[in-house]
>>> print(open('input08.cif').read())   # mmCIF, C-alpha atoms and all ligand atoms
data_model
#
loop_
_atom_site.label_atom_id
_atom_site.label_comp_id
_atom_site.auth_asym_id
_atom_site.auth_seq_id
_atom_site.Cartn_x
_atom_site.Cartn_y
_atom_site.Cartn_z
CA MET Y 1 -19.37 -31.83 3.69
CA LEU Y 2 -19.82 -28.80 5.99
CA ARG Y 3 -19.81 -25.49 4.06
CA VAL Y 4 -18.37 -22.54 5.97
CA ALA Y 5 -18.20 -18.82 5.05
CA VAL Y 6 -15.07 -16.91 6.09
CA PRO Y 7 -14.40 -13.13 5.69
CA ASN Y 8 -12.23 -12.60 2.61
CA LYS Y 9 -11.13 -9.02 3.45
CA GLY Y 10 -11.38 -6.39 6.16
CA ALA Y 11 -10.76 -6.23 9.87
CA LEU Y 12 -11.90 -9.82 10.61
CA SER Y 13 -10.27 -11.67 7.73
CA ASP Y 14 -6.75 -12.42 9.01
CA ALA Y 15 -7.86 -13.17 12.56
CA ALA Y 16 -10.61 -15.54 11.41
CA THR Y 17 -8.23 -17.40 9.08
CA SER Y 18 -5.59 -17.71 11.83
CA MET Y 19 -8.19 -19.04 14.26
CA LEU Y 20 -9.32 -21.70 11.76
CA LYS Y 21 -5.69 -22.70 11.11
CA GLU Y 22 -5.11 -22.92 14.85
CA ALA Y 23 -8.18 -25.18 15.04
CA GLY Y 24 -6.48 -27.56 12.61
CA TYR Y 25 -8.25 -26.63 9.36
CA LEU Y 26 -6.70 -26.11 5.98
CA GLN Y 27 -6.86 -22.44 4.90
CA ARG Y 28 -6.09 -20.73 1.60
CA ARG Y 29 -2.49 -19.61 1.02
CA ASP Y 30 -3.32 -17.05 -1.67
CA ARG Y 31 -5.76 -14.19 -0.94
CA ARG Y 32 -7.21 -14.61 -4.43
CA GLU Y 33 -8.48 -18.14 -3.76
CA LEU Y 34 -12.27 -18.08 -3.42
CA ALA Y 35 -12.76 -21.45 -1.76
CA ILE Y 36 -10.76 -24.37 -0.41
CA VAL Y 37 -11.71 -27.96 0.40
CA ASP Y 38 -10.26 -29.56 3.53
CA ALA Y 39 -11.03 -33.18 2.62
CA GLU Y 40 -9.45 -34.61 5.75
CA ASN Y 41 -11.89 -32.69 7.94
CA ASP Y 42 -14.81 -33.01 5.50
CA ILE Y 43 -15.27 -29.23 5.32
CA GLU Y 44 -15.19 -26.55 2.61
CA PHE Y 45 -14.42 -22.87 3.22
CA PHE Y 46 -15.79 -20.03 1.06
CA TYR Y 47 -14.09 -16.62 1.29
CA LEU Y 48 -16.79 -13.95 1.06
CA ARG Y 49 -17.38 -10.32 2.01
CA PRO Y 50 -18.24 -10.32 5.71
CA ARG Y 51 -21.33 -8.22 4.98
CA ASP Y 52 -22.68 -10.94 2.64
CA ILE Y 53 -22.04 -13.90 4.93
CA ALA Y 54 -25.31 -13.55 6.88
CA VAL Y 55 -27.21 -13.65 3.57
CA TYR Y 56 -25.57 -16.92 2.44
CA VAL Y 57 -26.15 -18.55 5.83
CA GLY Y 58 -29.65 -17.09 6.32
CA ARG Y 59 -30.74 -18.45 2.93
CA GLY Y 60 -29.37 -21.89 3.75
CA ILE Y 61 -26.76 -21.84 0.95
CA LEU Y 62 -23.90 -22.21 3.40
CA ASP Y 63 -24.17 -24.02 6.74
CA VAL Y 64 -22.30 -21.62 9.02
CA GLY Y 65 -20.15 -18.51 8.73
CA ILE Y 66 -17.88 -16.12 10.58
CA THR Y 67 -18.91 -12.47 10.50
CA GLY Y 68 -19.21 -9.44 12.79
CA ARG Y 69 -22.21 -9.32 15.13
CA ASP Y 70 -22.89 -5.78 13.84
CA LEU Y 71 -22.84 -6.94 10.20
CA PHE Y 72 -25.07 -9.91 11.05
CA LEU Y 73 -27.67 -7.65 12.72
CA ASP Y 74 -27.39 -5.11 9.90
CA ALA Y 75 -28.17 -7.75 7.28
CA GLU Y 76 -31.70 -8.15 8.70
CA VAL Y 77 -31.91 -11.87 7.93
CA GLY Y 78 -34.43 -11.96 10.75
CA THR Y 79 -35.02 -15.32 12.36
CA ASP Y 80 -33.41 -17.33 9.54
CA ALA Y 81 -29.93 -17.25 11.09
CA GLU Y 82 -28.65 -17.10 14.63
CA GLU Y 83 -25.44 -16.47 16.55
CA ILE Y 84 -23.86 -19.79 17.58
CA LEU Y 85 -20.58 -18.81 19.22
CA PRO Y 86 -18.80 -15.52 20.01
CA LEU Y 87 -15.19 -15.82 18.80
CA GLY Y 88 -13.39 -13.24 20.95
CA LEU Y 89 -11.74 -11.44 18.04
CA GLY Y 90 -12.36 -8.21 16.14
CA ALA Y 91 -13.97 -6.57 19.16
CA SER Y 92 -15.40 -3.10 18.63
CA THR Y 93 -18.36 -0.95 19.65
CA PHE Y 94 -20.95 0.62 17.40
CA ARG Y 95 -21.59 4.19 18.58
CA PHE Y 96 -22.96 7.60 17.84
CA ALA Y 97 -20.45 10.40 17.39
CA GLY Y 98 -20.60 14.04 16.43
CA PRO Y 99 -18.41 17.13 16.26
CA ALA Y 100 -16.79 17.66 19.69
CA GLY Y 101 -19.32 19.37 21.99
CA ASP Y 102 -22.32 19.30 19.58
CA PHE Y 103 -24.28 16.41 21.13
CA SER Y 104 -24.65 15.13 24.67
CA SER Y 105 -27.46 12.58 24.29
CA GLU Y 106 -29.06 10.52 21.54
CA THR Y 107 -32.45 12.25 21.93
CA GLU Y 108 -30.81 15.34 20.41
CA LEU Y 109 -30.71 13.39 17.14
CA ASN Y 110 -34.44 14.04 16.58
CA GLY Y 111 -34.80 15.88 13.28
CA LYS Y 112 -31.09 15.45 12.49
CA ARG Y 113 -29.24 13.48 9.77
CA VAL Y 114 -27.12 10.49 10.85
CA ALA Y 115 -24.60 8.93 8.44
CA THR Y 116 -23.69 5.24 8.69
CA SER Y 117 -22.65 2.16 6.72
CA TYR Y 118 -24.94 0.06 8.96
CA ASP Y 119 -28.33 1.50 8.03
CA GLY Y 120 -30.36 -1.60 8.93
CA LEU Y 121 -28.85 -1.75 12.38
CA LEU Y 122 -29.22 2.00 12.91
CA ARG Y 123 -32.83 2.21 11.67
CA GLY Y 124 -33.82 -0.64 14.00
CA TYR Y 125 -32.17 1.09 16.94
CA LEU Y 126 -33.71 4.52 16.21
CA ASN Y 127 -37.16 2.91 15.85
CA ARG Y 128 -36.86 1.06 19.15
CA ARG Y 129 -35.81 4.29 20.88
CA GLY Y 130 -38.47 6.39 19.17
CA ILE Y 131 -35.89 8.76 17.69
CA ASP Y 132 -36.97 10.42 14.45
CA ALA Y 133 -33.72 11.00 12.54
CA GLU Y 134 -32.87 10.78 8.83
CA VAL Y 135 -30.45 7.92 8.05
CA VAL Y 136 -27.83 8.70 5.39
CA ARG Y 137 -26.34 5.45 4.06
CA LEU Y 138 -22.63 5.69 3.12
CA ASP Y 139 -20.17 3.00 2.11
CA GLY Y 140 -17.27 4.07 4.35
CA ALA Y 141 -15.12 6.96 5.59
CA VAL Y 142 -18.23 7.94 7.53
CA GLU Y 143 -16.23 10.26 9.80
CA SER Y 144 -15.83 12.72 6.92
CA SER Y 145 -19.57 13.04 6.33
CA VAL Y 146 -20.24 15.72 8.94
CA ARG Y 147 -17.37 17.98 7.90
CA LEU Y 148 -18.50 17.62 4.29
CA GLY Y 149 -22.05 18.58 5.24
CA VAL Y 150 -24.04 15.47 4.30
CA ALA Y 151 -24.89 14.61 7.93
CA ASP Y 152 -25.01 16.13 11.44
CA ALA Y 153 -23.78 13.04 13.30
CA ILE Y 154 -22.60 9.49 12.57
CA ALA Y 155 -23.11 5.96 13.86
CA ASP Y 156 -19.99 3.89 13.21
CA VAL Y 157 -17.59 1.21 14.37
CA VAL Y 158 -15.20 2.44 17.06
CA GLU Y 159 -12.19 0.34 17.96
CA THR Y 160 -9.31 2.50 19.25
CA GLY Y 161 -11.18 5.79 18.71
CA ASN Y 162 -8.25 7.17 16.70
CA THR Y 163 -10.28 7.80 13.54
CA LEU Y 164 -12.90 9.80 15.47
CA LYS Y 165 -10.21 11.80 17.23
CA ALA Y 166 -8.52 12.65 13.94
CA ALA Y 167 -11.89 13.89 12.64
CA GLY Y 168 -12.45 16.10 15.72
CA MET Y 169 -15.43 14.04 16.87
CA ASP Y 170 -16.58 12.63 20.20
CA THR Y 171 -18.87 9.73 20.97
CA PHE Y 172 -22.11 10.43 22.81
CA GLY Y 173 -24.87 8.30 24.34
CA GLU Y 174 -24.51 4.67 25.37
CA PRO Y 175 -22.89 2.26 22.88
CA ILE Y 176 -25.52 0.97 20.45
CA LEU Y 177 -23.84 -2.45 20.33
CA ALA Y 178 -20.76 -4.33 21.55
CA SER Y 179 -19.58 -6.31 18.55
CA GLU Y 180 -17.05 -9.05 17.86
CA ALA Y 181 -16.62 -11.82 15.32
CA VAL Y 182 -19.25 -14.53 15.77
CA LEU Y 183 -20.03 -17.92 14.27
CA ILE Y 184 -23.53 -17.83 12.80
CA GLY Y 185 -25.71 -20.68 11.60
CA ARG Y 186 -29.18 -21.32 10.30
CA ALA Y 187 -31.74 -21.02 13.09
CA GLY Y 188 -32.84 -24.29 14.63
CA GLU Y 189 -30.55 -26.47 12.49
CA VAL Y 190 -27.33 -28.18 13.49
CA PRO Y 191 -25.79 -29.61 10.31
CA GLN Y 192 -23.40 -32.53 10.69
CA GLY Y 193 -19.92 -31.34 11.60
CA VAL Y 194 -20.97 -28.07 13.26
CA GLU Y 195 -20.52 -29.46 16.77
CA VAL Y 196 -16.90 -30.43 16.01
CA LEU Y 197 -16.19 -27.02 14.42
CA LYS Y 198 -17.71 -25.27 17.46
CA ARG Y 199 -15.69 -27.40 19.87
CA ARG Y 200 -12.48 -26.77 17.97
CA LEU Y 201 -13.03 -22.99 17.80
CA ASN Y 202 -13.98 -22.86 21.45
CA SER Y 203 -10.80 -24.78 22.27
CA VAL Y 204 -8.70 -22.17 20.45
CA LEU Y 205 -10.41 -19.50 22.56
CA VAL Y 206 -9.77 -21.35 25.81
CA ALA Y 207 -6.14 -22.06 24.88
CA SER Y 208 -5.57 -18.36 24.20
CA ARG Y 209 -7.31 -17.14 27.35
CA TYR Y 210 -5.95 -19.63 29.88
CA VAL Y 211 -2.48 -20.72 31.03
CA MET Y 212 -1.32 -23.69 33.09
CA LEU Y 213 -0.11 -22.76 36.57
CA ASP Y 214 2.14 -25.16 38.55
CA TYR Y 215 3.41 -24.58 42.06
CA ASP Y 216 4.57 -26.28 45.24
CA VAL Y 217 2.89 -25.50 48.53
CA PRO Y 218 3.29 -26.69 52.15
CA LYS Y 219 0.75 -29.47 52.78
CA ASP Y 220 -1.18 -27.55 55.46
CA LEU Y 221 -1.69 -24.62 53.06
CA ALA Y 222 -2.78 -26.70 50.02
CA GLU Y 223 -6.48 -26.20 50.63
CA ARG Y 224 -6.15 -22.40 50.83
CA ALA Y 225 -3.93 -22.40 47.73
CA CYS Y 226 -6.49 -24.46 45.79
CA ALA Y 227 -9.17 -21.94 46.74
CA ILE Y 228 -7.06 -19.28 44.96
CA THR Y 229 -6.63 -21.48 41.87
CA PRO Y 230 -9.80 -23.59 41.63
CA GLY Y 231 -9.24 -24.36 37.91
CA LEU Y 232 -12.06 -25.21 35.52
CA GLU Y 233 -13.21 -28.32 37.36
CA SER Y 234 -10.74 -28.92 40.16
CA PRO Y 235 -6.93 -28.56 40.50
CA THR Y 236 -4.61 -31.59 40.33
CA VAL Y 237 -2.89 -32.05 43.70
CA SER Y 238 -0.01 -34.54 43.91
CA PRO Y 239 2.46 -35.48 46.64
CA LEU Y 240 6.10 -34.37 46.44
CA ALA Y 241 9.13 -36.44 47.54
CA ASP Y 242 9.29 -34.15 50.58
CA SER Y 243 6.16 -35.24 52.47
CA GLY Y 244 5.59 -31.76 53.91
CA TRP Y 245 4.85 -30.31 50.46
CA MET Y 246 2.29 -30.81 47.68
CA ALA Y 247 2.41 -29.94 43.97
CA VAL Y 248 -0.63 -28.21 42.49
CA ARG Y 249 -1.53 -27.80 38.82
CA SER Y 250 -4.44 -25.68 37.64
CA MET Y 251 -5.71 -23.80 34.59
CA VAL Y 252 -6.12 -20.08 35.26
CA LEU Y 253 -7.16 -17.04 33.24
CA LYS Y 254 -4.12 -15.42 31.64
CA SER Y 255 -5.39 -11.99 32.72
CA GLN Y 256 -5.38 -13.03 36.40
CA THR Y 257 -2.05 -14.88 36.43
CA ASN Y 258 0.19 -12.25 38.02
CA ALA Y 259 -2.27 -11.35 40.77
CA MET Y 260 -2.71 -15.07 41.56
CA MET Y 261 1.05 -15.69 41.63
CA ASP Y 262 1.50 -12.81 44.10
CA GLU Y 263 -1.27 -14.18 46.31
CA LEU Y 264 0.16 -17.71 46.18
CA TYR Y 265 3.68 -16.50 46.98
CA ASP Y 266 2.39 -14.47 49.95
CA LEU Y 267 0.59 -17.60 51.17
CA GLY Y 268 3.85 -19.62 51.09
CA ALA Y 269 3.76 -21.33 47.68
CA ARG Y 270 7.06 -21.57 45.82
CA ALA Y 271 8.38 -22.67 42.39
CA ILE Y 272 5.35 -21.03 40.77
CA LEU Y 273 5.53 -21.68 37.02
CA VAL Y 274 3.30 -20.57 34.18
CA SER Y 275 3.13 -22.40 30.86
CA GLN Y 276 1.19 -21.83 27.69
CA ILE Y 277 -1.60 -24.14 26.55
CA HIS Y 278 -1.08 -24.94 22.86
CA ALA Y 279 -4.30 -26.82 22.30
CA CYS Y 280 -7.07 -28.35 24.38
CA ARG Y 281 -10.50 -29.95 24.41
CA ILE Y 282 -12.49 -28.82 27.39
N1 LIG W 301 -11.14 -1.14 13.46
C1 LIG W 301 -12.15 -1.70 12.80
N2 LIG W 301 -12.64 -1.11 11.71
C2 LIG W 301 -13.66 -1.65 11.04
N3 LIG W 301 -14.28 -2.77 11.38
C3 LIG W 301 -13.83 -3.39 12.47
C4 LIG W 301 -12.76 -2.90 13.24
N4 LIG W 301 -12.55 -3.74 14.24
C5 LIG W 301 -13.45 -4.70 14.10
N5 LIG W 301 -14.23 -4.50 13.05
C6 LIG W 301 -15.31 -5.34 12.58
O1 LIG W 301 -15.07 -5.79 11.25
C7 LIG W 301 -16.30 -5.88 10.53
C8 LIG W 301 -16.22 -4.96 9.34
O2 LIG W 301 -15.83 -5.70 8.29
P1 LIG W 301 -15.38 -4.99 6.94
O3 LIG W 301 -15.01 -6.02 5.97
O4 LIG W 301 -16.36 -3.93 6.58
O5 LIG W 301 -14.04 -4.43 7.51
P2 LIG W 301 -13.35 -3.13 7.20
O6 LIG W 301 -12.06 -3.19 7.96
O7 LIG W 301 -14.30 -2.02 7.49
O8 LIG W 301 -13.06 -3.32 5.63
P3 LIG W 301 -13.44 -2.38 4.43
O9 LIG W 301 -13.65 -1.03 5.00
O10 LIG W 301 -12.25 -2.52 3.57
O11 LIG W 301 -14.68 -2.95 3.82
C9 LIG W 301 -17.38 -5.43 11.49
O12 LIG W 301 -17.95 -6.56 12.12
C10 LIG W 301 -16.64 -4.60 12.50
O13 LIG W 301 -17.25 -4.55 13.78
O1 LIG W 302 -11.62 3.37 16.27
P1 LIG W 302 -10.62 3.05 15.21
O2 LIG W 302 -9.54 2.13 15.70
O3 LIG W 302 -10.05 4.29 14.59
O4 LIG W 302 -11.33 2.18 14.08
C1 LIG W 302 -12.61 2.51 13.58
C2 LIG W 302 -12.55 2.95 12.16
O5 LIG W 302 -12.08 1.89 11.33
C3 LIG W 302 -13.06 1.58 10.34
O6 LIG W 302 -12.79 2.24 9.18
P2 LIG W 302 -12.13 1.50 7.91
O7 LIG W 302 -10.65 1.55 8.02
O8 LIG W 302 -12.75 0.19 7.75
O9 LIG W 302 -12.56 2.48 6.75
P3 LIG W 302 -14.03 2.67 6.19
O10 LIG W 302 -14.75 3.55 7.18
O11 LIG W 302 -13.83 3.35 4.90
O12 LIG W 302 -14.65 1.32 6.09
C4 LIG W 302 -14.36 2.08 10.96
O13 LIG W 302 -15.33 2.35 9.96
C5 LIG W 302 -13.93 3.33 11.67
O14 LIG W 302 -13.84 4.40 10.78
MG MG W 303 -14.55 -0.37 6.91
#
>>> encode(input="input08.cif", output="C-alpha cells", more="lines below")
Ligand SMILES: Nc1ncnc2c1ncn2[C@@H]1O[C@H](COP(=O)(O)OP(=O)(O)OP(=O)(O)O)[C@@H](O)[C@H]1O
Ligand SMILES: O=P(O)(O)OC[C@H]1O[C@H](OP(=O)(O)OP(=O)(O)O)[C@H](O)[C@@H]1O
Ligand SMILES: [Mg+2]
Amino acid sequence: MLRVAVPNKGALSDAATSMLKEAGYLQRRDRRELAIVDAENDIEFFYLRPRDIAVYVGRGILDVGITGRDLFLDAEVGTDAEEILPLGLGASTFRFAGPAGDFSSETELNGKRVATSYDGLLRGYLNRRGIDAEVVRLDGAVESSVRLGVADAIADVVETGNTLKAAGMDTFGEPILASEAVLIGRAGEVPQGVEVLKRRLNSVLVASRYVMLDYDVPKDLAERACAITPGLESPTVSPLADSGWMAVRSMVLKSQTNAMMDELYDLGARAILVSQIHACRI
C-alpha cells in the first residue's frame, strides 16, 4: 500500500486535500484525523506538518509527500529525497525584505542580522552568495522582528505582499526562490502506485488549466484556424452537414481562451464555445 504524507495545517493543507479528492482519493472528513486508508486505491494518507514531511519521505518512512518546495529545501534532507511533480498550488516567493528604503541589494546584508523561519534555506543561499550575515531563527511573525529590534532584515514567504506592506517593509534583491506545493519522493526509487498517483495529480492540473474549445469554420480557413488552436497533439476536425464548413475541437489553455476566441472570430469562425474539462488522462 502506497504511504503518502499530506499537510495537516497551514497554507497548503486545504488545497492539497482538495486536489487529492479531485484525483479520486478518499480524504479525511475531520481535521483531527491523523491518517486515512483508501483501500479501493491501495493508498494510505498521513496528515503531518508540512515542515516534517521531507523528513518522513527522506528517511524512507513514507513513500511520497506533498509539501512546499521552500520547506523541502529548508529541511536539508540532501540527496535522500527529490521533487517529483510541481502541483501548481500554494505559489509564493521567498524573499529578502527590510524597512522601506533601508536596503537596495543583498550585498548590504554583510554584517547584518536576518530573521527567518527557513534558516536552512537562508544559510545555504547566503553561503552560495558569499554573504556574511547572522541568521536569526524565528518560528513565525517574522515581519515584526525588525521593528522589535532582533534583526535588521528578514527573509520570508511573500504571497500577496500585504503582510510586508502592513509592517512598512519592502522587498529587495532578486527572489531567493519561487515556491509552490510539490510532490516529493525518495531519490531514485519509484514505489508501486506512485506512477498512478502522479498521473492522477497531473490530470487534475491539466483539467484546471485547460478548457475544451469548439467552433465552426469555413472549410478553406480550417487550416489557419487549426494553427491558432493546435491543441495538445492535434485538433479534431469533422465535417458539418453544410459541406462548406468544418467543426473543430481542441484543448486550449484557459488563460489564452479569450484572445484565441477573438482571433478565431476575426478569421471567420463562428459558434465558438468553451467548456470545462472535469477530468482527463493525458
Ligand atoms: N501566504 C502564505 N503564507 C505562508 N505560507 C504560504 C503562503 N502561501 C503559500 N505558502 C506555502 O505554505 C508553506 C508553509 O506552510 P506552513 O504550514 O508553515 O503554513 P503557514 O500558513 O505558514 O502555517 P503556520 O504559520 O500556521 O504554521 C510553504 O511552503 C509556503 O511557501
Ligand atoms: O504576502 P502575504 O500574502 O501577506 O503572505 C505572506 C505572509 O503569510 C505567512 O505568514 P503566516 O500567516 O503563515 O504567519 P506566520 O508568519 O506566523 O507563519 C508568511 O510567513 C508571511 O508572513
Ligand atoms: Mg506561517
>>> atom_distance(input="input08.cif", atom1="atom CA of Met260 of chain Y", atom2="atom CA of Thr236 of chain Y")
16.7 Å
>>> atom_distance(input="input08.cif", atom1="atom CA of Met261 of chain Y", atom2="atom CA of Leu87 of chain Y")
28.0 Å
>>> closest_atom_pairs(input="input08.cif", of="chain Y", to="ligand LIG 302 (chain W)", cutoff="9 Å", atoms="all atoms listed in the file", output="tab-separated table")
residue	atom	partner	partner_atom	distance
Y:Gly10	CA	W:LIG302	O8	6.9
Y:Ala11	CA	W:LIG302	O8	7.0
Y:Ser92	CA	W:LIG302	O1	7.9
Y:Thr93	CA	W:LIG302	O1	8.7
Y:Thr116	CA	W:LIG302	O13	8.9
Y:Ser117	CA	W:LIG302	O13	8.0
Y:Asp139	CA	W:LIG302	O11	6.9
Y:Gly140	CA	W:LIG302	O11	3.6
Y:Ala141	CA	W:LIG302	O10	3.8
Y:Val142	CA	W:LIG302	O10	5.6
Y:Glu143	CA	W:LIG302	O14	6.4
Y:Asp156	CA	W:LIG302	O13	5.9
Y:Val157	CA	W:LIG302	C4	4.8
Y:Val158	CA	W:LIG302	O1	3.8
Y:Glu159	CA	W:LIG302	O1	3.5
Y:Thr160	CA	W:LIG302	O2	3.6
Y:Gly161	CA	W:LIG302	O1	3.5
Y:Asn162	CA	W:LIG302	O3	4.0
Y:Thr163	CA	W:LIG302	O3	3.7
Y:Leu164	CA	W:LIG302	O3	6.3
Y:Lys165	CA	W:LIG302	O3	8.0
Y:Ala166	CA	W:LIG302	O3	8.5
>>> write_last_selection(input="input08.cif", atoms="C-alpha atoms", output="PDB file, in the coordinates of the input")
ATOM      1  CA  GLY Y  10     -11.380  -6.390   6.160  1.00  0.00           C
ATOM      2  CA  ALA Y  11     -10.760  -6.230   9.870  1.00  0.00           C
ATOM      3  CA  SER Y  92     -15.400  -3.100  18.630  1.00  0.00           C
ATOM      4  CA  THR Y  93     -18.360  -0.950  19.650  1.00  0.00           C
ATOM      5  CA  THR Y 116     -23.690   5.240   8.690  1.00  0.00           C
ATOM      6  CA  SER Y 117     -22.650   2.160   6.720  1.00  0.00           C
ATOM      7  CA  ASP Y 139     -20.170   3.000   2.110  1.00  0.00           C
ATOM      8  CA  GLY Y 140     -17.270   4.070   4.350  1.00  0.00           C
ATOM      9  CA  ALA Y 141     -15.120   6.960   5.590  1.00  0.00           C
ATOM     10  CA  VAL Y 142     -18.230   7.940   7.530  1.00  0.00           C
ATOM     11  CA  GLU Y 143     -16.230  10.260   9.800  1.00  0.00           C
ATOM     12  CA  ASP Y 156     -19.990   3.890  13.210  1.00  0.00           C
ATOM     13  CA  VAL Y 157     -17.590   1.210  14.370  1.00  0.00           C
ATOM     14  CA  VAL Y 158     -15.200   2.440  17.060  1.00  0.00           C
ATOM     15  CA  GLU Y 159     -12.190   0.340  17.960  1.00  0.00           C
ATOM     16  CA  THR Y 160      -9.310   2.500  19.250  1.00  0.00           C
ATOM     17  CA  GLY Y 161     -11.180   5.790  18.710  1.00  0.00           C
ATOM     18  CA  ASN Y 162      -8.250   7.170  16.700  1.00  0.00           C
ATOM     19  CA  THR Y 163     -10.280   7.800  13.540  1.00  0.00           C
ATOM     20  CA  LEU Y 164     -12.900   9.800  15.470  1.00  0.00           C
ATOM     21  CA  LYS Y 165     -10.210  11.800  17.230  1.00  0.00           C
ATOM     22  CA  ALA Y 166      -8.520  12.650  13.940  1.00  0.00           C
TER      23      ALA Y 166
END
>>> closest_residue(input="input08.cif", among="Y:Leu138, Y:Ala5, Y:Ala23, Y:Asp30", to="ligand MG 303 (chain W)", atoms="all atoms listed in the file")
Y:Leu138
>>> residues_around(input="input08.cif", residues="segment 52-65 of chain Y", least_positions_apart="6", cutoff="9 Å", atoms="only C-alpha atoms", output="PyMOL selection string")
chain Y and resi 2-7+46+71-73+75-82+84+182-187+189-191+194
>>> residues_around(input="input08.cif", residues="Leu205 of chain Y", least_positions_apart="2", cutoff="10 Å", atoms="only C-alpha atoms", output="list in words")
Met19, Glu22, Ala23, Pro86, Leu87, Gly88, Leu89, Arg199, Arg200, Leu201, Asn202, Ser203, Ala207, Ser208, Arg209, Tyr210, Ala279 and Cys280 of chain Y
>>> closest_residue(input="input08.cif", among="Y:Ala153, Y:Leu273, Y:Met251, Y:Ile43", to="Thr171 of chain Y", atoms="only C-alpha atoms")
Y:Ala153
>>> atom_distance(input="input08.cif", atom1="atom CA of Leu109 of chain Y", atom2="atom CA of Ile131 of chain Y")
7.0 Å
>>> closest_residue(input="input08.cif", among="Y:Ile272, Y:Ala227, Y:Leu12, Y:Val37", to="ligand MG 303 (chain W)", atoms="all atoms listed in the file")
Y:Leu12
>>> axis_aligned_box(input="input08.cif", around="ligand LIG 301 (chain W)", padding_each_side="4 Å", output="AutoDock Vina command-line options")
--center_x -14.5 --center_y -3.8 --center_z 8.9 --size_x 14.8 --size_y 13.5 --size_z 18.7
>>> closest_residue(input="input08.cif", among="Y:Gln27, Y:Asp170, Y:Tyr118, Y:Val135", to="Ala97 of chain Y", atoms="only C-alpha atoms")
Y:Asp170
>>> residues_around(input="input08.cif", residues="Leu34 of chain Y", least_positions_apart="6", cutoff="9 Å", atoms="only C-alpha atoms", output="VMD selection string")
chain Y and resid 8 28 45 to 48
>>> closest_residue(input="input08.cif", among="Y:Ile66, Y:Arg51, Y:Asp38, Y:Leu26", to="ligand MG 303 (chain W)", atoms="all atoms listed in the file")
Y:Arg51
>>> closest_residue(input="input08.cif", among="Y:Ala178, Y:Ile228, Y:Arg49, Y:Val217", to="ligand MG 303 (chain W)", atoms="all atoms listed in the file")
Y:Arg49
>>> residues_near_point(input="input08.cif", point="(-37.8, 14.9, 18.8)", cutoff="7 Å", atoms="only C-alpha atoms", output="JSON, numbers by chain")
{"Y": [107, 110, 111, 131, 132]}
>>> residues_around(input="input08.cif", residues="segment 241-248 of chain Y", least_positions_apart="4", cutoff="6 Å", atoms="all atoms listed in the file", output="PyMOL selection string")
chain Y and resi 214-219+236-237
>>> decode(input="input08.cif", residues="segment 26-40 of chain Y", atoms="N, CA and C atoms", output="PDB file, in the first residue's frame")
ATOM      1  N   LEU Y  26      -9.842   9.081  -1.379  1.00  0.00           N
ATOM      2  CA  LEU Y  26     -10.582   9.302  -0.145  1.00  0.00           C
ATOM      3  C   LEU Y  26      -9.742  10.205   0.762  1.00  0.00           C
ATOM      4  N   GLN Y  27     -10.364  11.277   1.301  1.00  0.00           N
ATOM      5  CA  GLN Y  27      -9.650  12.168   2.221  1.00  0.00           C
ATOM      6  C   GLN Y  27     -10.405  12.265   3.535  1.00  0.00           C
ATOM      7  N   ARG Y  28      -9.705  12.664   4.592  1.00  0.00           N
ATOM      8  CA  ARG Y  28     -10.338  12.737   5.908  1.00  0.00           C
ATOM      9  C   ARG Y  28     -11.464  13.774   5.897  1.00  0.00           C
ATOM     10  N   ARG Y  29     -12.494  13.534   6.724  1.00  0.00           N
ATOM     11  CA  ARG Y  29     -13.599  14.489   6.828  1.00  0.00           C
ATOM     12  C   ARG Y  29     -13.386  15.408   8.025  1.00  0.00           C
ATOM     13  N   ASP Y  30     -12.665  14.883   9.024  1.00  0.00           N
ATOM     14  CA  ASP Y  30     -12.471  15.610  10.274  1.00  0.00           C
ATOM     15  C   ASP Y  30     -10.993  16.015  10.359  1.00  0.00           C
ATOM     16  N   ARG Y  31     -10.727  17.289  10.654  1.00  0.00           N
ATOM     17  CA  ARG Y  31      -9.348  17.790  10.687  1.00  0.00           C
ATOM     18  C   ARG Y  31      -8.509  17.151  11.793  1.00  0.00           C
ATOM     19  N   ARG Y  32      -9.169  16.449  12.703  1.00  0.00           N
ATOM     20  CA  ARG Y  32      -8.416  15.794  13.783  1.00  0.00           C
ATOM     21  C   ARG Y  32      -7.918  14.403  13.385  1.00  0.00           C
ATOM     22  N   GLU Y  33      -8.449  13.860  12.309  1.00  0.00           N
ATOM     23  CA  GLU Y  33      -7.982  12.530  11.871  1.00  0.00           C
ATOM     24  C   GLU Y  33      -6.512  12.620  11.464  1.00  0.00           C
ATOM     25  N   LEU Y  34      -5.715  11.654  11.883  1.00  0.00           N
ATOM     26  CA  LEU Y  34      -4.273  11.700  11.621  1.00  0.00           C
ATOM     27  C   LEU Y  34      -3.887  10.918  10.367  1.00  0.00           C
ATOM     28  N   ALA Y  35      -4.743   9.966  10.000  1.00  0.00           N
ATOM     29  CA  ALA Y  35      -4.444   9.136   8.829  1.00  0.00           C
ATOM     30  C   ALA Y  35      -5.750   8.547   8.303  1.00  0.00           C
ATOM     31  N   ILE Y  36      -5.744   8.171   7.046  1.00  0.00           N
ATOM     32  CA  ILE Y  36      -6.930   7.519   6.477  1.00  0.00           C
ATOM     33  C   ILE Y  36      -6.480   6.518   5.417  1.00  0.00           C
ATOM     34  N   VAL Y  37      -7.123   5.352   5.409  1.00  0.00           N
ATOM     35  CA  VAL Y  37      -6.799   4.334   4.406  1.00  0.00           C
ATOM     36  C   VAL Y  37      -7.833   4.404   3.293  1.00  0.00           C
ATOM     37  N   ASP Y  38      -7.365   4.481   2.051  1.00  0.00           N
ATOM     38  CA  ASP Y  38      -8.249   4.399   0.889  1.00  0.00           C
ATOM     39  C   ASP Y  38      -7.983   3.012   0.282  1.00  0.00           C
ATOM     40  N   ALA Y  39      -8.753   2.028   0.767  1.00  0.00           N
ATOM     41  CA  ALA Y  39      -8.478   0.626   0.407  1.00  0.00           C
ATOM     42  C   ALA Y  39      -8.683   0.403  -1.089  1.00  0.00           C
ATOM     43  N   GLU Y  40      -9.697   1.064  -1.630  1.00  0.00           N
ATOM     44  CA  GLU Y  40     -10.017   0.862  -3.045  1.00  0.00           C
ATOM     45  C   GLU Y  40      -8.832   1.232  -3.944  1.00  0.00           C
TER      46      GLU Y  40
END
